[in-house]
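Engineer: This is the content of my_file_27.pdb (PDB, C-alpha atoms):
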ATOM      1  CA  MET A   1    -158.401 -26.398 107.265
ATOM      2  CA  VAL A   2    -160.125 -29.447 108.782
ATOM      3  CA  THR A   3    -157.992 -30.846 111.595
ATOM      4  CA  THR A   4    -158.047 -34.173 113.448
ATOM      5  CA  ALA A   5    -155.643 -35.657 115.972
ATOM      6  CA  VAL A   6    -154.441 -39.004 117.297
ATOM      7  CA  ILE A   7    -153.002 -39.247 120.792
ATOM      8  CA  GLY A   8    -150.430 -42.030 120.986
ATOM      9  CA  ALA A   9    -148.036 -43.036 118.205
ATOM     10  CA  GLY A  10    -147.847 -46.768 118.872
ATOM     11  CA  LEU A  11    -149.029 -49.810 116.912
ATOM     12  CA  MET A  12    -152.635 -48.589 116.739
ATOM     13  CA  GLY A  13    -152.075 -44.831 116.746
ATOM     14  CA  HIS A  14    -150.050 -44.563 113.567
ATOM     15  CA  GLY A  15    -152.554 -46.753 111.699
ATOM     16  CA  ILE A  16    -155.524 -44.646 112.847
ATOM     17  CA  ALA A  17    -153.687 -41.485 111.788
ATOM     18  CA  GLN A  18    -153.192 -42.994 108.352
ATOM     19  CA  VAL A  19    -156.928 -43.744 108.141
ATOM     20  CA  LEU A  20    -157.785 -40.137 109.077
ATOM     21  CA  ALA A  21    -155.315 -38.848 106.487
ATOM     22  CA  SER A  22    -157.248 -40.631 103.730
ATOM     23  CA  THR A  23    -159.575 -37.596 103.628
ATOM     24  CA  PRO A  24    -158.557 -33.917 103.157
ATOM     25  CA  GLY A  25    -157.248 -32.030 106.175
ATOM     26  CA  ILE A  26    -154.385 -32.010 108.667
ATOM     27  CA  VAL A  27    -153.851 -34.975 110.995
ATOM     28  CA  TRP A  28    -151.743 -34.454 114.108
ATOM     29  CA  ILE A  29    -150.061 -37.347 115.917
ATOM     30  CA  HIS A  30    -149.093 -36.580 119.501
ATOM     31  CA  ASP A  31    -146.734 -38.598 121.671
ATOM     32  CA  VAL A  32    -144.379 -37.555 124.450
ATOM     33  CA  SER A  33    -141.622 -39.611 122.791
ATOM     34  CA  GLN A  34    -139.997 -38.079 119.717
ATOM     35  CA  ALA A  35    -138.571 -41.516 118.860
ATOM     36  CA  ALA A  36    -142.128 -42.921 118.809
ATOM     37  CA  LEU A  37    -143.263 -40.089 116.526
ATOM     38  CA  ASP A  38    -140.360 -40.710 114.129
ATOM     39  CA  GLU A  39    -141.107 -44.435 114.096
ATOM     40  CA  ALA A  40    -144.797 -43.713 113.417
ATOM     41  CA  ILE A  41    -143.927 -41.745 110.273
ATOM     42  CA  ALA A  42    -141.615 -44.548 109.132
ATOM     43  CA  GLN A  43    -144.369 -47.124 109.697
ATOM     44  CA  ILE A  44    -146.946 -45.012 107.856
ATOM     45  CA  THR A  45    -144.571 -44.517 104.918
ATOM     46  CA  GLU A  46    -144.006 -48.267 104.674
ATOM     47  CA  SER A  47    -147.729 -48.989 104.986
ATOM     48  CA  LEU A  48    -148.676 -46.468 102.300
ATOM     49  CA  ASP A  49    -146.156 -48.061  99.946
ATOM     50  CA  LEU A  50    -147.698 -51.494 100.568
ATOM     51  CA  LEU A  51    -151.274 -50.321 100.070
ATOM     52  CA  SER A  52    -150.269 -48.385  96.963
ATOM     53  CA  ARG A  53    -148.668 -51.479  95.418
ATOM     54  CA  TYR A  54    -151.940 -53.354  95.857
ATOM     55  CA  GLY A  55    -154.049 -50.538  94.442
ATOM     56  CA  PHE A  56    -155.741 -49.392  97.665
ATOM     57  CA  ILE A  57    -154.155 -45.919  97.652
ATOM     58  CA  LYS A  58    -153.522 -43.838  94.523
ATOM     59  CA  GLU A  59    -151.531 -40.926  95.985
ATOM     60  CA  PRO A  60    -149.480 -42.086  98.986
ATOM     61  CA  ALA A  61    -147.390 -38.898  99.059
ATOM     62  CA  GLU A  62    -150.556 -36.821  99.327
ATOM     63  CA  VAL A  63    -151.783 -38.880 102.286
ATOM     64  CA  LEU A  64    -148.410 -38.657 104.037
ATOM     65  CA  GLY A  65    -148.310 -34.905 103.425
ATOM     66  CA  ARG A  66    -151.415 -34.411 105.573
ATOM     67  CA  ILE A  67    -149.768 -35.846 108.698
ATOM     68  CA  ARG A  68    -147.944 -33.750 111.303
ATOM     69  CA  THR A  69    -146.283 -34.841 114.563
ATOM     70  CA  THR A  70    -145.790 -33.055 117.869
ATOM     71  CA  PRO A  71    -144.751 -33.857 121.450
ATOM     72  CA  ARG A  72    -147.064 -31.043 122.652
ATOM     73  CA  LEU A  73    -150.649 -32.085 123.374
ATOM     74  CA  ALA A  74    -152.086 -28.581 122.992
ATOM     75  CA  GLU A  75    -150.611 -28.197 119.512
ATOM     76  CA  ALA A  76    -152.224 -31.450 118.411
ATOM     77  CA  VAL A  77    -155.731 -30.905 119.779
ATOM     78  CA  SER A  78    -156.387 -27.149 119.971
ATOM     79  CA  ASP A  79    -157.886 -26.906 116.460
ATOM     80  CA  ALA A  80    -159.058 -30.523 116.049
ATOM     81  CA  TRP A  81    -162.745 -31.364 115.638
ATOM     82  CA  LEU A  82    -162.008 -35.077 116.250
ATOM     83  CA  ILE A  83    -159.408 -36.447 118.660
ATOM     84  CA  VAL A  84    -158.760 -40.190 118.893
ATOM     85  CA  GLU A  85    -156.996 -41.461 122.011
ATOM     86  CA  ALA A  86    -154.828 -44.516 121.306
ATOM     87  CA  ALA A  87    -152.785 -44.744 124.494
ATOM     88  CA  THR A  88    -151.865 -47.860 126.433
ATOM     89  CA  GLU A  89    -154.748 -49.942 127.845
ATOM     90  CA  ASP A  90    -154.546 -48.487 131.358
ATOM     91  CA  LEU A  91    -157.696 -46.965 132.865
ATOM     92  CA  GLY A  92    -155.911 -44.384 135.023
ATOM     93  CA  ILE A  93    -153.782 -43.152 132.124
ATOM     94  CA  LYS A  94    -156.805 -42.858 129.844
ATOM     95  CA  GLN A  95    -158.846 -40.991 132.458
ATOM     96  CA  GLU A  96    -156.119 -38.386 132.954
ATOM     97  CA  LEU A  97    -155.502 -38.130 129.217
ATOM     98  CA  PHE A  98    -159.185 -37.526 128.467
ATOM     99  CA  ALA A  99    -159.311 -34.773 131.102
ATOM    100  CA  ASN A 100    -156.187 -33.134 129.629
ATOM    101  CA  ILE A 101    -157.488 -33.416 126.080
ATOM    102  CA  GLU A 102    -160.777 -31.772 127.049
ATOM    103  CA  ALA A 103    -158.932 -28.939 128.772
ATOM    104  CA  GLU A 104    -156.791 -28.215 125.697
ATOM    105  CA  SER A 105    -159.377 -28.717 122.938
ATOM    106  CA  SER A 106    -162.447 -26.935 121.623
ATOM    107  CA  ARG A 107    -165.756 -27.353 123.461
ATOM    108  CA  ASN A 108    -167.183 -28.800 120.239
ATOM    109  CA  ALA A 109    -164.441 -31.386 119.723
ATOM    110  CA  ILE A 110    -165.415 -35.042 119.707
ATOM    111  CA  ILE A 111    -163.060 -37.171 121.822
ATOM    112  CA  ALA A 112    -162.896 -40.859 120.897
ATOM    113  CA  THR A 113    -161.100 -43.788 122.497
ATOM    114  CA  ASN A 114    -159.636 -46.790 120.743
ATOM    115  CA  THR A 115    -159.829 -48.945 123.881
ATOM    116  CA  SER A 116    -160.388 -52.621 123.158
ATOM    117  CA  GLY A 117    -161.850 -53.614 126.492
ATOM    118  CA  LEU A 118    -162.490 -50.708 128.885
ATOM    119  CA  ARG A 119    -165.893 -49.047 129.218
ATOM    120  CA  LEU A 120    -166.306 -45.517 127.858
ATOM    121  CA  THR A 121    -168.228 -44.616 131.036
ATOM    122  CA  ASP A 122    -165.183 -45.456 133.163
ATOM    123  CA  ILE A 123    -162.683 -43.690 130.892
ATOM    124  CA  THR A 124    -164.646 -40.414 130.864
ATOM    125  CA  THR A 125    -165.236 -40.006 134.610
ATOM    126  CA  LYS A 126    -163.123 -36.804 134.662
ATOM    127  CA  VAL A 127    -164.669 -35.330 131.502
ATOM    128  CA  THR A 128    -167.218 -32.519 131.824
ATOM    129  CA  HIS A 129    -168.895 -32.757 128.408
ATOM    130  CA  GLN A 130    -169.431 -36.499 128.066
ATOM    131  CA  ASP A 131    -172.020 -36.065 125.301
ATOM    132  CA  ARG A 132    -169.157 -35.628 122.835
ATOM    133  CA  THR A 133    -167.206 -38.730 123.892
ATOM    134  CA  VAL A 134    -167.402 -41.957 121.935
ATOM    135  CA  GLY A 135    -165.634 -45.270 121.392
ATOM    136  CA  SER A 136    -163.921 -45.984 118.074
ATOM    137  CA  HIS A 137    -162.286 -49.382 118.323
ATOM    138  CA  PHE A 138    -160.060 -50.422 115.414
ATOM    139  CA  PHE A 139    -158.453 -53.807 114.819
ATOM    140  CA  MET A 140    -154.731 -54.101 114.154
ATOM    141  CA  PRO A 141    -153.531 -53.190 111.625
ATOM    142  CA  ALA A 142    -155.997 -50.284 111.779
ATOM    143  CA  GLN A 143    -155.195 -49.062 108.274
ATOM    144  CA  VAL A 144    -156.001 -52.490 106.780
ATOM    145  CA  VAL A 145    -158.822 -54.181 108.740
ATOM    146  CA  PRO A 146    -162.107 -52.528 107.644
ATOM    147  CA  LEU A 147    -164.082 -52.703 110.908
ATOM    148  CA  VAL A 148    -164.500 -49.856 113.417
ATOM    149  CA  GLU A 149    -166.720 -50.470 116.453
ATOM    150  CA  VAL A 150    -168.418 -47.182 117.347
ATOM    151  CA  SER A 151    -169.711 -47.387 120.905
ATOM    152  CA  ARG A 152    -171.567 -45.062 123.239
ATOM    153  CA  SER A 153    -172.111 -44.448 126.920
ATOM    154  CA  LYS A 154    -175.461 -43.264 128.259
ATOM    155  CA  ALA A 155    -174.146 -39.704 127.945
ATOM    156  CA  THR A 156    -173.037 -39.907 124.291
ATOM    157  CA  SER A 157    -175.361 -37.884 122.070
ATOM    158  CA  ASN A 158    -177.040 -39.249 118.958
ATOM    159  CA  GLN A 159    -175.372 -36.463 116.977
ATOM    160  CA  THR A 160    -171.936 -37.604 118.135
ATOM    161  CA  MET A 161    -172.690 -41.196 117.148
ATOM    162  CA  ASP A 162    -174.036 -40.199 113.733
ATOM    163  CA  THR A 163    -171.117 -37.851 113.047
ATOM    164  CA  ILE A 164    -168.474 -40.453 113.860
ATOM    165  CA  VAL A 165    -170.148 -43.267 111.946
ATOM    166  CA  ASP A 166    -170.432 -40.983 108.920
ATOM    167  CA  HIS A 167    -166.788 -39.898 109.149
ATOM    168  CA  TRP A 168    -165.392 -43.414 109.377
ATOM    169  CA  GLU A 169    -167.440 -44.328 106.316
ATOM    170  CA  LYS A 170    -165.901 -41.369 104.457
ATOM    171  CA  CYS A 171    -162.485 -42.719 105.474
ATOM    172  CA  GLY A 172    -163.321 -46.033 103.793
ATOM    173  CA  LYS A 173    -163.959 -48.018 106.988
ATOM    174  CA  VAL A 174    -166.910 -50.249 107.908
ATOM    175  CA  PRO A 175    -168.366 -48.919 111.190
ATOM    176  CA  ILE A 176    -170.866 -50.781 113.345
ATOM    177  CA  ARG A 177    -172.910 -49.240 116.164
ATOM    178  CA  VAL A 178    -172.500 -50.662 119.671
ATOM    179  CA  GLU A 179    -175.475 -49.304 121.596
ATOM    180  CA  ARG A 180    -174.509 -50.537 125.094
ATOM    181  CA  ASP A 181    -171.330 -49.663 126.975
ATOM    182  CA  ILE A 182    -169.983 -53.150 127.688
ATOM    183  CA  PRO A 183    -166.366 -54.358 128.052
ATOM    184  CA  GLY A 184    -164.964 -55.772 124.818
ATOM    185  CA  TYR A 185    -167.668 -54.375 122.549
ATOM    186  CA  VAL A 186    -168.906 -56.944 119.975
ATOM    187  CA  ALA A 187    -165.999 -58.369 118.010
ATOM    188  CA  ASN A 188    -163.609 -58.894 120.922
ATOM    189  CA  ARG A 189    -166.287 -60.639 122.973
ATOM    190  CA  ILE A 190    -166.958 -63.073 120.132
ATOM    191  CA  GLN A 191    -163.234 -63.493 119.489
ATOM    192  CA  SER A 192    -162.567 -64.092 123.188
ATOM    193  CA  ALA A 193    -165.198 -66.829 123.350
ATOM    194  CA  LEU A 194    -163.567 -68.560 120.380
ATOM    195  CA  VAL A 195    -160.063 -68.222 121.846
ATOM    196  CA  ARG A 196    -161.213 -69.600 125.206
ATOM    197  CA  GLU A 197    -162.525 -72.765 123.541
ATOM    198  CA  ALA A 198    -159.479 -73.067 121.242
ATOM    199  CA  THR A 199    -157.137 -72.762 124.238
ATOM    200  CA  ALA A 200    -159.099 -75.383 126.160
ATOM    201  CA  LEU A 201    -158.853 -77.790 123.212
ATOM    202  CA  LEU A 202    -155.082 -77.269 123.133
ATOM    203  CA  ARG A 203    -154.810 -77.639 126.915
ATOM    204  CA  ASP A 204    -156.728 -80.922 126.828
ATOM    205  CA  GLY A 205    -154.612 -82.374 124.006
ATOM    206  CA  VAL A 206    -157.519 -82.604 121.561
ATOM    207  CA  ALA A 207    -155.422 -81.211 118.690
ATOM    208  CA  SER A 208    -152.195 -79.273 118.071
ATOM    209  CA  ALA A 209    -152.101 -75.474 117.879
ATOM    210  CA  GLU A 210    -151.444 -75.751 114.154
ATOM    211  CA  ASP A 211    -154.454 -78.008 113.549
ATOM    212  CA  ILE A 212    -156.784 -75.927 115.737
ATOM    213  CA  ASP A 213    -155.835 -72.804 113.787
ATOM    214  CA  MET A 214    -156.222 -74.666 110.499
ATOM    215  CA  ALA A 215    -159.685 -75.826 111.540
ATOM    216  CA  VAL A 216    -160.753 -72.184 111.895
ATOM    217  CA  ARG A 217    -159.020 -70.841 108.790
ATOM    218  CA  MET A 218    -160.162 -73.582 106.417
ATOM    219  CA  SER A 219    -163.785 -73.972 107.578
ATOM    220  CA  PHE A 220    -166.048 -71.378 109.155
ATOM    221  CA  GLY A 221    -163.313 -68.734 108.938
ATOM    222  CA  LEU A 222    -163.791 -68.755 105.166
ATOM    223  CA  ARG A 223    -167.579 -68.768 105.410
ATOM    224  CA  TYR A 224    -167.507 -65.727 107.682
ATOM    225  CA  LEU A 225    -166.203 -63.668 104.769
ATOM    226  CA  VAL A 226    -169.699 -63.804 103.257
ATOM    227  CA  SER A 227    -172.002 -64.407 106.238
ATOM    228  CA  GLY A 228    -171.555 -64.016 109.999
ATOM    229  CA  PRO A 229    -172.418 -66.511 112.749
ATOM    230  CA  LEU A 230    -176.063 -65.471 113.134
ATOM    231  CA  GLU A 231    -176.776 -65.504 109.399
ATOM    232  CA  GLN A 232    -175.051 -68.892 109.227
ATOM    233  CA  ARG A 233    -177.526 -70.220 111.817
ATOM    234  CA  ASP A 234    -180.414 -68.897 109.736
ATOM    235  CA  LEU A 235    -179.012 -70.544 106.613
ATOM    236  CA  GLY A 236    -178.711 -73.902 108.366
ATOM    237  CA  GLY A 237    -182.006 -73.530 110.231
ATOM    238  CA  LEU A 238    -182.616 -72.533 113.849
ATOM    239  CA  ASP A 239    -184.114 -75.943 114.546
ATOM    240  CA  LEU A 240    -180.748 -77.510 113.674
ATOM    241  CA  HIS A 241    -178.976 -74.829 115.717
ATOM    242  CA  LEU A 242    -181.167 -75.697 118.690
ATOM    243  CA  ALA A 243    -180.548 -79.425 118.347
ATOM    244  CA  ILE A 244    -176.775 -79.008 118.103
ATOM    245  CA  GLY A 245    -176.783 -76.543 120.970
ATOM    246  CA  ARG A 246    -178.560 -78.988 123.276
ATOM    247  CA  GLU A 247    -175.968 -81.660 122.563
ATOM    248  CA  MET A 248    -172.766 -79.591 122.334
ATOM    249  CA  TRP A 249    -173.062 -76.466 124.486
ATOM    250  CA  PRO A 250    -172.984 -78.308 127.828
ATOM    251  CA  HIS A 251    -169.509 -79.573 126.852
ATOM    252  CA  LEU A 252    -168.008 -76.198 125.841
ATOM    253  CA  ASP A 253    -165.408 -74.582 128.063
ATOM    254  CA  THR A 254    -166.813 -72.118 130.625
ATOM    255  CA  THR A 255    -163.640 -71.224 132.539
ATOM    256  CA  ALA A 256    -164.372 -67.951 134.359
ATOM    257  CA  GLY A 257    -160.935 -66.398 133.856
ATOM    258  CA  PRO A 258    -157.708 -66.984 131.928
ATOM    259  CA  HIS A 259    -156.684 -70.641 131.702
ATOM    260  CA  ALA A 260    -154.064 -71.777 134.213
ATOM    261  CA  PHE A 261    -152.434 -73.385 131.164
ATOM    262  CA  VAL A 262    -151.755 -69.902 129.743
ATOM    263  CA  GLU A 263    -150.818 -68.374 133.103
ATOM    264  CA  LYS A 264    -148.062 -70.984 133.449
ATOM    265  CA  LYS A 265    -146.725 -70.108 130.012
ATOM    266  CA  VAL A 266    -146.590 -66.414 130.886
ATOM    267  CA  ALA A 267    -144.879 -67.185 134.205
ATOM    268  CA  LYS A 268    -142.191 -69.068 132.256
ATOM    269  CA  GLY A 269    -141.727 -66.116 129.898
ATOM    270  CA  GLU A 270    -143.448 -67.836 126.976
ATOM    271  CA  LEU A 271    -145.252 -64.710 125.761
ATOM    272  CA  GLY A 272    -145.577 -65.547 122.073
ATOM    273  CA  LEU A 273    -143.808 -63.965 119.133
ATOM    274  CA  LYS A 274    -142.014 -61.277 121.157
ATOM    275  CA  SER A 275    -140.299 -63.821 123.431
ATOM    276  CA  GLY A 276    -139.712 -66.543 120.838
ATOM    277  CA  ARG A 277    -142.231 -69.045 122.190
ATOM    278  CA  GLY A 278    -145.929 -69.130 123.030
ATOM    279  CA  PHE A 279    -148.456 -71.538 121.578
ATOM    280  CA  TYR A 280    -145.966 -71.757 118.677
ATOM    281  CA  ASP A 281    -142.167 -71.865 118.518
ATOM    282  CA  TRP A 282    -140.987 -68.515 117.072
ATOM    283  CA  ASP A 283    -137.316 -68.999 117.902
ATOM    284  CA  GLY A 284    -134.995 -67.175 115.487
ATOM    285  CA  GLN A 285    -137.793 -65.247 113.740
ATOM    286  CA  ASP A 286    -137.767 -61.469 113.647
ATOM    287  CA  PRO A 287    -141.071 -60.158 115.069
ATOM    288  CA  GLU A 288    -141.246 -57.168 112.719
ATOM    289  CA  THR A 289    -140.673 -59.370 109.689
ATOM    290  CA  VAL A 290    -143.363 -61.803 110.829
ATOM    291  CA  ARG A 291    -145.870 -58.974 111.382
ATOM    292  CA  ARG A 292    -144.957 -57.344 108.082
ATOM    293  CA  ASN A 293    -145.505 -60.617 106.214
ATOM    294  CA  ARG A 294    -148.856 -61.206 107.938
ATOM    295  CA  THR A 295    -149.995 -57.687 107.078
ATOM    296  CA  GLU A 296    -149.061 -58.106 103.423
ATOM    297  CA  ALA A 297    -150.866 -61.461 103.308
ATOM    298  CA  LEU A 298    -153.963 -59.746 104.686
ATOM    299  CA  VAL A 299    -153.736 -56.887 102.174
ATOM    300  CA  SER A 300    -153.272 -59.429  99.373
ATOM    301  CA  ALA A 301    -156.369 -61.320 100.506
ATOM    302  CA  LEU A 302    -158.434 -58.117 100.599
ATOM    303  CA  GLU A 303    -157.201 -57.177  97.140
ATOM    304  CA  ARG A 304    -158.316 -60.525  95.740
ATOM    305  CA  LEU A 305    -161.732 -60.199  97.376
ATOM    306  CA  ARG A 306    -162.411 -56.867  95.683
ATOM    307  CA  THR A 307    -160.825 -57.689  92.284
ATOM    308  CA  PRO A 308    -162.861 -59.524  89.585
ATOM    309  CA  PRO A 309    -161.375 -62.867  88.402
ATOM    310  CA  GLY A 310    -158.597 -62.380  85.869
ATOM    311  CA  ARG A 311    -157.703 -58.884  87.049
ATOM    312  CA  HIS A 312    -155.054 -58.003  89.624
ATOM    313  CA  ALA A 313    -153.588 -54.757  90.839
ATOM    314  CA  ALA A 314    -150.125 -53.912  89.527
ATOM    315  CA  ARG A 315    -147.291 -54.568  91.967
TER     316      ARG A 315
END
Would you give me this structure, written as C-alpha cells?
Structural biologist:
Amino acid sequence: MVTTAVIGAGLMGHGIAQVLASTPGIVWIHDVSQAALDEAIAQITESLDLLSRYGFIKEPAEVLGRIRTTPRLAEAVSDAWLIVEAATEDLGIKQELFANIEAESSRNAIIATNTSGLRLTDITTKVTHQDRTVGSHFFMPAQVVPLVEVSRSKATSNQTMDTIVDHWEKCGKVPIRVERDIPGYVANRIQSALVREATALLRDGVASAEDIDMAVRMSFGLRYLVSGPLEQRDLGGLDLHLAIGREMWPHLDTTAGPHAFVEKKVAKGELGLKSGRGFYDWDGQDPETVRRNRTEALVSALERLRTPPGRHAAR
C-alpha cells in the first residue's frame, strides 16, 4: 500500500493531508497532541463535506477513510515514500524534526517542508541525504487553493523535483518550480511587496483599509485570474510599463522592515481577527465562523470559474 505522511496537524497540516488523500493510499498525520489530531479529523470531515457539496469531491468517505493519525513519529514515517513537514515556522524546530524524520524513515523517502519563508538549505543542515529534500509550499486553505510552490536547494536532485511536481499534479494541484532557494519563494515575495505598499497607503491616510482592499479585489485582482502581472505588462506594452515605472516607482514604499505603524498595533494587542481588532474591527465575531465563511466563498468562486454558464453544482 502506498503510504505518505504529514507531520503537524495544524491549520496547514490537516489540509495537506486531505490533498494527499485524494489519491489511493494511506496518509498518516502525526502530532504530539492527541487533541490536535482529533481536531484535524474534524476539520477534514467538515472540509470534505463542503467540497462535496460544490462538486469538487465525489466520494468524501473514501478520502477520509485513507487518513490515519498517530502521536508516534516512527509509525507515521517508517513506510512513507513522501513525508511533508508542516510544523510551526521555527527554524530550530524544523531542523530537529527533519533530522528525526530522516532517522525514522526509509533512505528513499522524500522529505518536504511546507515552510512559507525559511530556506530549505537552512532547514536541512542536520540531514544526511539532502538530495531527497524539497520545498512544497501550500497556501491556506491548502485543500482549496490550487498552487503548490515546489522549491529546491543546491542539493535537491532533479529526480526529486520531477517526482514531487508529478505527484502534486496527480493530487489535482497546480505546482510551480522554484529553482533558487530564496526566502519567501515566489508568491509570498510578490504578496509581501503588495502588502507593504497597501500598509503604507493606509499609514499615510491615502484611503481606508476597506477601500484599499476593494481597489485590489475589483481591479487587477480580477484580471489576475486570467493573466499574471508579467503577462499583463506584455498585454499593455513594455514601453508603457517603462514609462509608468519611471514616473511611479520612485514614489513606492521601500521600507526595509515591518512598518512602525504595524509594530505599534501589535504592541497594543491589535493582532487582527484573533484579538478582535487589526486593520479592521472584528469585535464580537467568531474567528472560526469568519474563516469558514471565507473558505466557502473561495470554494464557491472556484466552482463558478470551472462551471459553464447556466450550470451549477448541486448543493
Engineer: Take atom CA of Asn188 of chain A and atom CA of Asp49 of chain A and report the distance between them in Å, one decimal.
Structural biologist: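 Answer for the atom CA of Asn188 of chain A to atom CA of Asp49 of chain A separation: 29.4 Å.
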Engineer: For the atom pair atom CA of Thr124 of chain A and atom CA of Cys171 of chain A, what is the interatomic distance in Å to one decimal place?
Structural biologist: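 Distance reported for this atom pair: 25.6 Å.
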Engineer: Select, from A:Thr254, A:Asn114, A:Ser157, A:Ser192, the residue with the minimum atom-to-atom distance to Gly135 of chain A, counting all atoms listed in the file.
Structural biologist: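 Of A:Thr254, A:Asn114, A:Ser157, A:Ser192, the one nearest Gly135 of chain A, counting all atoms listed in the file, is A:Asn114.
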Engineer: Write out as a PyMOL selection string each polymer residue whose atoms come within 9 Å of segment 294-303 of chain A, counting all atoms listed in the file; drop sequence neighbours fewer than 3 positions from it.
Structural biologist: chain A and resi 50-51+54-56+141+144-145+289-291+306-307+312-313
Engineer: Between atom CA of Met12 of chain A and atom CA of Ala142 of chain A, what is the distance, to one decimal in Å?
Structural biologist: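 Separation between atom CA of Met12 of chain A and atom CA of Ala142 of chain A: 6.2 Å.
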Engineer: Taking the file as shown, what set of residues would the PyMOL selection byres ((chain A and resi 89) around 8) give back, as a PyMOL selection string?
Structural biologist: chain A and resi 87-88+90-91+94+115-116+118
Engineer: Using only C-alpha atoms, please write the residues we just selected to a file, as an mmCIF file, in the frame of the given file.
Structural biologist:
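Contents of result16.cif, as written:
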data_model
loop_
_atom_site.group_PDB
_atom_site.id
_atom_site.type_symbol
_atom_site.label_atom_id
_atom_site.label_comp_id
_atom_site.auth_asym_id
_atom_site.auth_seq_id
_atom_site.Cartn_x
_atom_site.Cartn_y
_atom_site.Cartn_z
ATOM 1 C CA ALA A 87 -152.785 -44.744 124.494
ATOM 2 C CA THR A 88 -151.865 -47.860 126.433
ATOM 3 C CA ASP A 90 -154.546 -48.487 131.358
ATOM 4 C CA LEU A 91 -157.696 -46.965 132.865
ATOM 5 C CA LYS A 94 -156.805 -42.858 129.844
ATOM 6 C CA THR A 115 -159.829 -48.945 123.881
ATOM 7 C CA SER A 116 -160.388 -52.621 123.158
ATOM 8 C CA LEU A 118 -162.490 -50.708 128.885
#
Engineer: Quick one: apply the PyMOL selection byres ((chain A and resi 65) around 10) to the file and drop the selected residues here as an MDAnalysis selection string.
Structural biologist: chainID A and resid 21 25:27 60:64 66:68
Engineer: Since fewer atoms than expected are present, regenerate N, CA and C atoms for segment 95-110 of chain A and write them as an mmCIF file, in the coordinates of the input.
Structural biologist:
data_model
loop_
_atom_site.group_PDB
_atom_site.id
_atom_site.type_symbol
_atom_site.label_atom_id
_atom_site.label_comp_id
_atom_site.auth_asym_id
_atom_site.auth_seq_id
_atom_site.Cartn_x
_atom_site.Cartn_y
_atom_site.Cartn_z
ATOM 1 N N GLN A 95 -158.026 -41.976 131.762
ATOM 2 C CA GLN A 95 -158.846 -40.991 132.458
ATOM 3 C C GLN A 95 -158.142 -39.640 132.512
ATOM 4 N N GLU A 96 -156.870 -39.634 132.887
ATOM 5 C CA GLU A 96 -156.119 -38.386 132.954
ATOM 6 C C GLU A 96 -155.956 -37.767 131.569
ATOM 7 N N LEU A 97 -155.704 -38.616 130.580
ATOM 8 C CA LEU A 97 -155.502 -38.130 129.217
ATOM 9 C C LEU A 97 -156.773 -37.485 128.670
ATOM 10 N N PHE A 98 -157.929 -38.106 128.926
ATOM 11 C CA PHE A 98 -159.185 -37.526 128.467
ATOM 12 C C PHE A 98 -159.429 -36.162 129.110
ATOM 13 N N ALA A 99 -159.133 -36.054 130.409
ATOM 14 C CA ALA A 99 -159.311 -34.773 131.102
ATOM 15 C C ALA A 99 -158.391 -33.709 130.508
ATOM 16 N N ASN A 100 -157.136 -34.076 130.209
ATOM 17 C CA ASN A 100 -156.187 -33.134 129.629
ATOM 18 C C ASN A 100 -156.571 -32.743 128.212
ATOM 19 N N ILE A 101 -157.057 -33.712 127.447
ATOM 20 C CA ILE A 101 -157.488 -33.416 126.080
ATOM 21 C C ILE A 101 -158.654 -32.429 126.096
ATOM 22 N N GLU A 102 -159.628 -32.672 126.977
ATOM 23 C CA GLU A 102 -160.777 -31.772 127.049
ATOM 24 C C GLU A 102 -160.345 -30.359 127.422
ATOM 25 N N ALA A 103 -159.388 -30.254 128.330
ATOM 26 C CA ALA A 103 -158.932 -28.939 128.772
ATOM 27 C C ALA A 103 -158.226 -28.161 127.666
ATOM 28 N N GLU A 104 -157.575 -28.862 126.741
ATOM 29 C CA GLU A 104 -156.791 -28.215 125.697
ATOM 30 C C GLU A 104 -157.519 -28.078 124.363
ATOM 31 N N SER A 105 -158.684 -28.685 124.225
ATOM 32 C CA SER A 105 -159.377 -28.717 122.938
ATOM 33 C C SER A 105 -160.619 -27.838 122.939
ATOM 34 N N SER A 106 -161.222 -27.711 121.775
ATOM 35 C CA SER A 106 -162.447 -26.935 121.623
ATOM 36 C C SER A 106 -163.610 -27.605 122.341
ATOM 37 N N ARG A 107 -164.558 -26.802 122.816
ATOM 38 C CA ARG A 107 -165.756 -27.353 123.461
ATOM 39 C C ARG A 107 -166.527 -28.256 122.513
ATOM 40 N N ASN A 108 -166.425 -28.013 121.219
ATOM 41 C CA ASN A 108 -167.183 -28.800 120.239
ATOM 42 C C ASN A 108 -166.439 -30.036 119.749
ATOM 43 N N ALA A 109 -165.223 -30.244 120.206
ATOM 44 C CA ALA A 109 -164.441 -31.386 119.723
ATOM 45 C C ALA A 109 -165.025 -32.704 120.221
ATOM 46 N N ILE A 110 -165.037 -33.678 119.337
ATOM 47 C CA ILE A 110 -165.415 -35.042 119.707
ATOM 48 C C ILE A 110 -164.154 -35.775 120.139
#
